[in-house]
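Coordinates from query-v7.txt are shown below (compact mmCIF, C-alpha atoms).
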# COMPACT_ATOMS: atom_id res chain seq x y z
CA GLN A 1 -13.03 -32.21 -48.81
CA VAL A 2 -15.35 -29.27 -48.28
CA GLN A 3 -17.88 -29.57 -45.49
CA VAL A 4 -20.66 -27.17 -44.57
CA VAL A 5 -22.53 -27.78 -41.32
CA GLU A 6 -25.46 -25.83 -39.89
CA SER A 7 -26.55 -25.69 -36.28
CA GLY A 8 -28.83 -23.70 -34.01
CA GLY A 9 -32.29 -24.55 -35.24
CA GLY A 10 -35.15 -25.44 -32.97
CA LEU A 11 -38.65 -24.65 -31.77
CA VAL A 12 -39.48 -21.11 -30.70
CA GLN A 13 -42.63 -19.13 -30.06
CA ALA A 14 -43.67 -16.31 -32.33
CA GLY A 15 -41.80 -13.15 -31.44
CA GLY A 16 -38.80 -15.08 -30.21
CA SER A 17 -35.23 -15.27 -31.47
CA LEU A 18 -32.78 -17.88 -32.70
CA ARG A 19 -29.23 -17.75 -33.98
CA LEU A 20 -28.14 -20.14 -36.68
CA SER A 21 -24.49 -20.96 -37.27
CA CYS A 22 -22.80 -22.44 -40.30
CA SER A 23 -19.24 -23.69 -40.19
CA ALA A 24 -17.22 -24.53 -43.27
CA SER A 25 -14.01 -26.49 -43.61
CA GLY A 26 -11.72 -27.64 -46.37
CA ILE A 27 -11.80 -24.37 -48.29
CA ALA A 28 -10.53 -20.80 -48.12
CA PHE A 29 -13.67 -19.51 -46.41
CA SER A 30 -12.98 -15.78 -46.44
CA PHE A 31 -13.00 -15.51 -50.24
CA ASN A 32 -16.48 -16.86 -50.76
CA THR A 33 -20.02 -15.59 -50.57
CA MET A 34 -22.06 -17.31 -47.90
CA GLY A 35 -25.81 -17.55 -47.96
CA TRP A 36 -28.74 -18.76 -45.94
CA TYR A 37 -31.68 -20.29 -47.78
CA ARG A 38 -34.87 -21.84 -46.49
CA GLN A 39 -37.44 -24.27 -47.73
CA ALA A 40 -40.89 -24.63 -46.24
CA PRO A 41 -43.06 -27.69 -46.90
CA GLY A 42 -44.50 -27.57 -50.38
CA LYS A 43 -42.50 -24.51 -51.36
CA GLN A 44 -39.36 -23.85 -53.33
CA ARG A 45 -36.08 -23.09 -51.64
CA GLU A 46 -35.59 -19.34 -51.34
CA LEU A 47 -32.72 -17.06 -50.50
CA VAL A 48 -33.00 -15.53 -47.03
CA ALA A 49 -29.74 -13.56 -46.87
CA ASN A 50 -26.21 -13.62 -48.13
CA ILE A 51 -22.90 -11.95 -47.35
CA ASN A 52 -19.96 -11.60 -49.68
CA SER A 53 -16.25 -11.65 -48.96
CA GLY A 54 -16.26 -7.90 -48.39
CA GLY A 55 -19.07 -8.05 -45.87
CA SER A 56 -21.84 -6.67 -48.07
CA THR A 57 -25.20 -8.17 -47.26
CA ASN A 58 -28.44 -8.85 -49.06
CA TYR A 59 -31.82 -9.85 -47.59
CA THR A 60 -35.10 -11.01 -48.93
CA ASP A 61 -37.82 -8.46 -48.24
CA SER A 62 -39.75 -10.60 -45.77
CA VAL A 63 -36.86 -10.72 -43.28
CA LYS A 64 -35.46 -7.20 -43.58
CA GLY A 65 -35.23 -5.56 -40.19
CA ARG A 66 -35.67 -8.88 -38.39
CA PHE A 67 -32.73 -11.06 -39.51
CA THR A 68 -29.03 -10.23 -39.56
CA ILE A 69 -26.35 -12.19 -41.37
CA SER A 70 -22.73 -11.93 -40.30
CA ARG A 71 -19.48 -13.81 -40.71
CA ASP A 72 -16.38 -14.50 -38.68
CA ASN A 73 -13.60 -15.44 -41.05
CA ARG A 74 -11.29 -16.41 -38.19
CA LYS A 75 -13.77 -19.12 -37.24
CA ASN A 76 -14.88 -20.00 -40.79
CA THR A 77 -18.42 -19.40 -39.62
CA VAL A 78 -21.43 -17.45 -40.83
CA TYR A 79 -24.36 -16.59 -38.58
CA LEU A 80 -28.00 -15.76 -39.05
CA GLN A 81 -29.50 -13.89 -36.12
CA MET A 82 -33.27 -14.15 -36.36
CA SER A 83 -35.55 -11.97 -34.26
CA SER A 84 -39.28 -11.27 -34.14
CA LEU A 85 -39.85 -14.70 -35.61
CA LYS A 86 -43.17 -15.47 -37.25
CA PRO A 87 -44.88 -18.80 -37.97
CA GLU A 88 -44.24 -18.21 -41.67
CA ASP A 89 -40.49 -18.36 -40.95
CA THR A 90 -40.91 -22.07 -40.25
CA ALA A 91 -38.69 -23.98 -42.66
CA VAL A 92 -35.52 -25.96 -43.04
CA TYR A 93 -32.67 -23.48 -43.24
CA TYR A 94 -29.70 -24.32 -45.43
CA CYS A 95 -26.27 -22.78 -45.60
CA ASP A 96 -24.63 -22.26 -48.98
CA LEU A 97 -20.97 -21.64 -49.70
CA LYS A 98 -20.66 -20.25 -53.20
CA THR A 99 -17.44 -20.57 -55.18
CA ARG A 100 -16.65 -19.71 -58.78
CA TRP A 101 -17.13 -23.33 -59.79
CA ARG A 102 -19.95 -24.68 -57.61
CA ASP A 103 -22.03 -24.33 -54.50
CA TYR A 104 -21.55 -26.38 -51.36
CA TRP A 105 -24.64 -27.01 -49.26
CA GLY A 106 -25.18 -28.10 -45.71
CA ARG A 107 -27.85 -30.63 -44.77
CA GLY A 108 -30.05 -28.00 -43.18
CA THR A 109 -31.43 -27.21 -39.74
CA GLN A 110 -35.12 -27.11 -38.87
CA VAL A 111 -36.63 -23.89 -37.52
CA THR A 112 -40.18 -24.13 -36.22
CA VAL A 113 -42.06 -21.06 -35.01
CA SER A 114 -45.24 -21.74 -33.07
CA PRO A 115 -48.11 -19.21 -33.01
Take the structure in the file and give it back as structure tokens.
Amino acid sequence: QVQVVESGGGLVQAGGSLRLSCSASGIAFSFNTMGWYRQAPGKQRELVANINSGGSTNYTDSVKGRFTISRDNRKNTVYLQMSSLKPEDTAVYYCDLKTRWRDYWGRGTQVTVSP
């Protein structure tokens, strides 16, 4: 059974930093693309960043230069280091493990950035 679990969310002031973690189990982690998505109230879920099995990364424009995605295949974990946080980064952040057949989602972790 595949499980994807996020952690590391919380409340932070604007300009601060947080690191999100996502651990996966029950699957060969290193072969899959991992992604972080977010959904703010009243908005659609959007891709924040992803990283493929080779380590290539992709970021949405609004977080470029502020967020960094990385993975540790030994720990079956992907990270999202978030810096210079803004109130508009407030959202539930979800981790996605993408396979050839389907996506596996975590339940999400809340990130709240106060002005």
Considering only C-alpha atoms, state which residue in the set A:Ala49, A:Gly42, A:Tyr37, A:Phe31 is at the smallest distance from Glu6 (chain A).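 Using only C-alpha atoms, the shortest distance to Glu6 (chain A) belongs to A:Tyr37.
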What does the distance between CA of Met82 (chain A) and CA of Val48 (chain A) come to in Å, to one decimal place?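 Distance between the two atoms: 10.8 Å.
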Here is a test: counting all atoms listed in the file, which residue of A:Val4, A:Cys22, A:Ala28, A:Val63 is nearest to Glu88 (chain A)?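 Using all atoms listed in the file, Glu88 (chain A) sits closest to A:Val63.
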Contacts of region 91-99 of chain A within 7 Å, all atoms listed in the file, excl. fewer than 3 positions in-chain, as a list in words: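 These residues fall inside the cut-off: Glu6, Cys22, Asn32, Thr33, Met34, Gly35, Trp36, Tyr37, Arg38, Gln39, Ala40, Arg102, Asp103, Tyr104, Trp105, Gly106, Arg107, Gly108, Thr109, Gln110, Val111 and Thr112 of chain A.
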Can you pull out every residue within 10 Å of Gly55 (chain A), counting all atoms listed in the file, but drop anything in the same chain fewer than 4 positions away, and send it as an mmCIF file with C-alpha atoms, in the coordinates of the input?
data_model
loop_
_atom_site.group_PDB
_atom_site.id
_atom_site.type_symbol
_atom_site.label_atom_id
_atom_site.label_comp_id
_atom_site.auth_asym_id
_atom_site.auth_seq_id
_atom_site.Cartn_x
_atom_site.Cartn_y
_atom_site.Cartn_z
ATOM 1 C CA SER A 30 -12.980 -15.780 -46.440
ATOM 2 C CA THR A 33 -20.020 -15.590 -50.570
ATOM 3 C CA MET A 34 -22.060 -17.310 -47.900
ATOM 4 C CA ASN A 50 -26.210 -13.620 -48.130
ATOM 5 C CA ILE A 51 -22.900 -11.950 -47.350
ATOM 6 C CA ILE A 69 -26.350 -12.190 -41.370
ATOM 7 C CA SER A 70 -22.730 -11.930 -40.300
ATOM 8 C CA ARG A 71 -19.480 -13.810 -40.710
#
Which distance in Å separates CA of Val2 (chain A) and CA of Gly26 (chain A), to one decimal?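 The value is 4.4 Å.
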Pull all heavy atoms for region 91-102 of chain A from the block and write them as a PDB file, in the first residue's frame.
ATOM      1  N   ALA A  91      -1.593  28.556   1.944  1.00  0.00           N
ATOM      2  CA  ALA A  91      -2.340  27.509   1.244  1.00  0.00           C
ATOM      3  C   ALA A  91      -2.137  26.188   1.970  1.00  0.00           C
ATOM      4  O   ALA A  91      -1.283  26.083   2.855  1.00  0.00           O
ATOM      5  CB  ALA A  91      -1.864  27.373  -0.204  1.00  0.00           C
ATOM      6  N   VAL A  92      -2.904  25.205   1.549  1.00  0.00           N
ATOM      7  CA  VAL A  92      -2.604  23.827   1.926  1.00  0.00           C
ATOM      8  C   VAL A  92      -1.655  23.283   0.863  1.00  0.00           C
ATOM      9  O   VAL A  92      -1.943  23.373  -0.344  1.00  0.00           O
ATOM     10  CB  VAL A  92      -3.871  22.973   2.015  1.00  0.00           C
ATOM     11  CG1 VAL A  92      -3.507  21.526   2.363  1.00  0.00           C
ATOM     12  CG2 VAL A  92      -4.833  23.541   3.050  1.00  0.00           C
ATOM     13  N   TYR A  93      -0.558  22.732   1.307  1.00  0.00           N
ATOM     14  CA  TYR A  93       0.453  22.199   0.395  1.00  0.00           C
ATOM     15  C   TYR A  93       0.343  20.673   0.357  1.00  0.00           C
ATOM     16  O   TYR A  93       0.338  20.014   1.398  1.00  0.00           O
ATOM     17  CB  TYR A  93       1.845  22.632   0.846  1.00  0.00           C
ATOM     18  CG  TYR A  93       2.141  24.071   0.504  1.00  0.00           C
ATOM     19  CD1 TYR A  93       1.487  25.110   1.162  1.00  0.00           C
ATOM     20  CD2 TYR A  93       3.051  24.404  -0.491  1.00  0.00           C
ATOM     21  CE1 TYR A  93       1.726  26.440   0.835  1.00  0.00           C
ATOM     22  CE2 TYR A  93       3.318  25.726  -0.826  1.00  0.00           C
ATOM     23  CZ  TYR A  93       2.647  26.735  -0.159  1.00  0.00           C
ATOM     24  OH  TYR A  93       2.888  28.054  -0.485  1.00  0.00           O
ATOM     25  N   TYR A  94       0.267  20.157  -0.849  1.00  0.00           N
ATOM     26  CA  TYR A  94       0.095  18.719  -1.065  1.00  0.00           C
ATOM     27  C   TYR A  94       1.305  18.151  -1.787  1.00  0.00           C
ATOM     28  O   TYR A  94       1.865  18.775  -2.700  1.00  0.00           O
ATOM     29  CB  TYR A  94      -1.145  18.451  -1.918  1.00  0.00           C
ATOM     30  CG  TYR A  94      -2.442  18.863  -1.299  1.00  0.00           C
ATOM     31  CD1 TYR A  94      -2.976  20.128  -1.535  1.00  0.00           C
ATOM     32  CD2 TYR A  94      -3.162  17.991  -0.478  1.00  0.00           C
ATOM     33  CE1 TYR A  94      -4.175  20.517  -0.975  1.00  0.00           C
ATOM     34  CE2 TYR A  94      -4.372  18.377   0.085  1.00  0.00           C
ATOM     35  CZ  TYR A  94      -4.858  19.640  -0.165  1.00  0.00           C
ATOM     36  OH  TYR A  94      -6.056  20.029   0.391  1.00  0.00           O
ATOM     37  N   CYS A  95       1.644  16.942  -1.407  1.00  0.00           N
ATOM     38  CA  CYS A  95       2.716  16.206  -2.076  1.00  0.00           C
ATOM     39  C   CYS A  95       2.099  15.201  -3.039  1.00  0.00           C
ATOM     40  O   CYS A  95       1.097  14.553  -2.715  1.00  0.00           O
ATOM     41  CB  CYS A  95       3.557  15.482  -1.030  1.00  0.00           C
ATOM     42  SG  CYS A  95       4.938  14.533  -1.682  1.00  0.00           S
ATOM     43  N   ASP A  96       2.687  15.093  -4.200  1.00  0.00           N
ATOM     44  CA  ASP A  96       2.212  14.181  -5.246  1.00  0.00           C
ATOM     45  C   ASP A  96       3.335  13.272  -5.693  1.00  0.00           C
ATOM     46  O   ASP A  96       4.416  13.743  -6.042  1.00  0.00           O
ATOM     47  CB  ASP A  96       1.697  14.994  -6.432  1.00  0.00           C
ATOM     48  CG  ASP A  96       1.423  14.147  -7.652  1.00  0.00           C
ATOM     49  OD1 ASP A  96       0.731  13.122  -7.518  1.00  0.00           O
ATOM     50  OD2 ASP A  96       1.902  14.500  -8.747  1.00  0.00           O
ATOM     51  N   LEU A  97       3.050  11.978  -5.687  1.00  0.00           N
ATOM     52  CA  LEU A  97       3.973  10.987  -6.235  1.00  0.00           C
ATOM     53  C   LEU A  97       3.364  10.501  -7.541  1.00  0.00           C
ATOM     54  O   LEU A  97       2.264   9.933  -7.545  1.00  0.00           O
ATOM     55  CB  LEU A  97       4.163   9.830  -5.251  1.00  0.00           C
ATOM     56  CG  LEU A  97       5.206   8.770  -5.583  1.00  0.00           C
ATOM     57  CD1 LEU A  97       5.661   8.073  -4.306  1.00  0.00           C
ATOM     58  CD2 LEU A  97       4.699   7.735  -6.569  1.00  0.00           C
ATOM     59  N   LYS A  98       4.039  10.734  -8.613  1.00  0.00           N
ATOM     60  CA  LYS A  98       3.479  10.459  -9.945  1.00  0.00           C
ATOM     61  C   LYS A  98       4.097   9.190 -10.516  1.00  0.00           C
ATOM     62  O   LYS A  98       5.316   9.092 -10.654  1.00  0.00           O
ATOM     63  CB  LYS A  98       3.754  11.644 -10.873  1.00  0.00           C
ATOM     64  CG  LYS A  98       3.106  11.520 -12.245  1.00  0.00           C
ATOM     65  CD  LYS A  98       3.369  12.762 -13.086  1.00  0.00           C
ATOM     66  CE  LYS A  98       2.766  14.006 -12.483  1.00  0.00           C
ATOM     67  NZ  LYS A  98       1.287  13.963 -12.482  1.00  0.00           N
ATOM     68  N   THR A  99       3.255   8.209 -10.840  1.00  0.00           N
ATOM     69  CA  THR A  99       3.724   7.004 -11.504  1.00  0.00           C
ATOM     70  C   THR A  99       3.144   6.960 -12.909  1.00  0.00           C
ATOM     71  O   THR A  99       2.355   7.819 -13.292  1.00  0.00           O
ATOM     72  CB  THR A  99       3.311   5.732 -10.738  1.00  0.00           C
ATOM     73  OG1 THR A  99       1.894   5.520 -10.907  1.00  0.00           O
ATOM     74  CG2 THR A  99       3.625   5.859  -9.258  1.00  0.00           C
ATOM     75  N   ARG A 100       3.514   5.952 -13.651  1.00  0.00           N
ATOM     76  CA  ARG A 100       2.999   5.816 -15.020  1.00  0.00           C
ATOM     77  C   ARG A 100       1.494   5.584 -15.030  1.00  0.00           C
ATOM     78  O   ARG A 100       0.821   5.889 -16.016  1.00  0.00           O
ATOM     79  CB  ARG A 100       3.679   4.642 -15.718  1.00  0.00           C
ATOM     80  CG  ARG A 100       5.155   4.853 -15.993  1.00  0.00           C
ATOM     81  CD  ARG A 100       5.783   3.590 -16.524  1.00  0.00           C
ATOM     82  NE  ARG A 100       5.153   3.127 -17.756  1.00  0.00           N
ATOM     83  CZ  ARG A 100       5.434   1.978 -18.353  1.00  0.00           C
ATOM     84  NH1 ARG A 100       6.314   1.170 -17.823  1.00  0.00           N
ATOM     85  NH2 ARG A 100       4.835   1.650 -19.467  1.00  0.00           N
ATOM     86  N   TRP A 101       0.967   5.046 -13.941  1.00  0.00           N
ATOM     87  CA  TRP A 101      -0.430   4.622 -13.946  1.00  0.00           C
ATOM     88  C   TRP A 101      -1.349   5.553 -13.188  1.00  0.00           C
ATOM     89  O   TRP A 101      -2.526   5.657 -13.498  1.00  0.00           O
ATOM     90  CB  TRP A 101      -0.523   3.208 -13.350  1.00  0.00           C
ATOM     91  CG  TRP A 101       0.327   2.243 -14.095  1.00  0.00           C
ATOM     92  CD1 TRP A 101       0.001   1.567 -15.228  1.00  0.00           C
ATOM     93  CD2 TRP A 101       1.670   1.852 -13.783  1.00  0.00           C
ATOM     94  NE1 TRP A 101       1.058   0.785 -15.640  1.00  0.00           N
ATOM     95  CE2 TRP A 101       2.081   0.930 -14.780  1.00  0.00           C
ATOM     96  CE3 TRP A 101       2.559   2.180 -12.755  1.00  0.00           C
ATOM     97  CZ2 TRP A 101       3.348   0.349 -14.775  1.00  0.00           C
ATOM     98  CZ3 TRP A 101       3.817   1.601 -12.755  1.00  0.00           C
ATOM     99  CH2 TRP A 101       4.195   0.698 -13.752  1.00  0.00           C
ATOM    100  N   ARG A 102      -0.819   6.235 -12.151  1.00  0.00           N
ATOM    101  CA  ARG A 102      -1.666   7.108 -11.341  1.00  0.00           C
ATOM    102  C   ARG A 102      -0.807   7.974 -10.453  1.00  0.00           C
ATOM    103  O   ARG A 102       0.391   7.764 -10.329  1.00  0.00           O
ATOM    104  CB  ARG A 102      -2.642   6.280 -10.495  1.00  0.00           C
ATOM    105  CG  ARG A 102      -1.984   5.311  -9.529  1.00  0.00           C
ATOM    106  CD  ARG A 102      -2.916   4.837  -8.442  1.00  0.00           C
ATOM    107  NE  ARG A 102      -3.209   5.900  -7.484  1.00  0.00           N
ATOM    108  CZ  ARG A 102      -3.963   5.748  -6.414  1.00  0.00           C
ATOM    109  NH1 ARG A 102      -4.538   4.566  -6.195  1.00  0.00           N
ATOM    110  NH2 ARG A 102      -4.181   6.743  -5.581  1.00  0.00           N
TER     111      ARG A 102
END
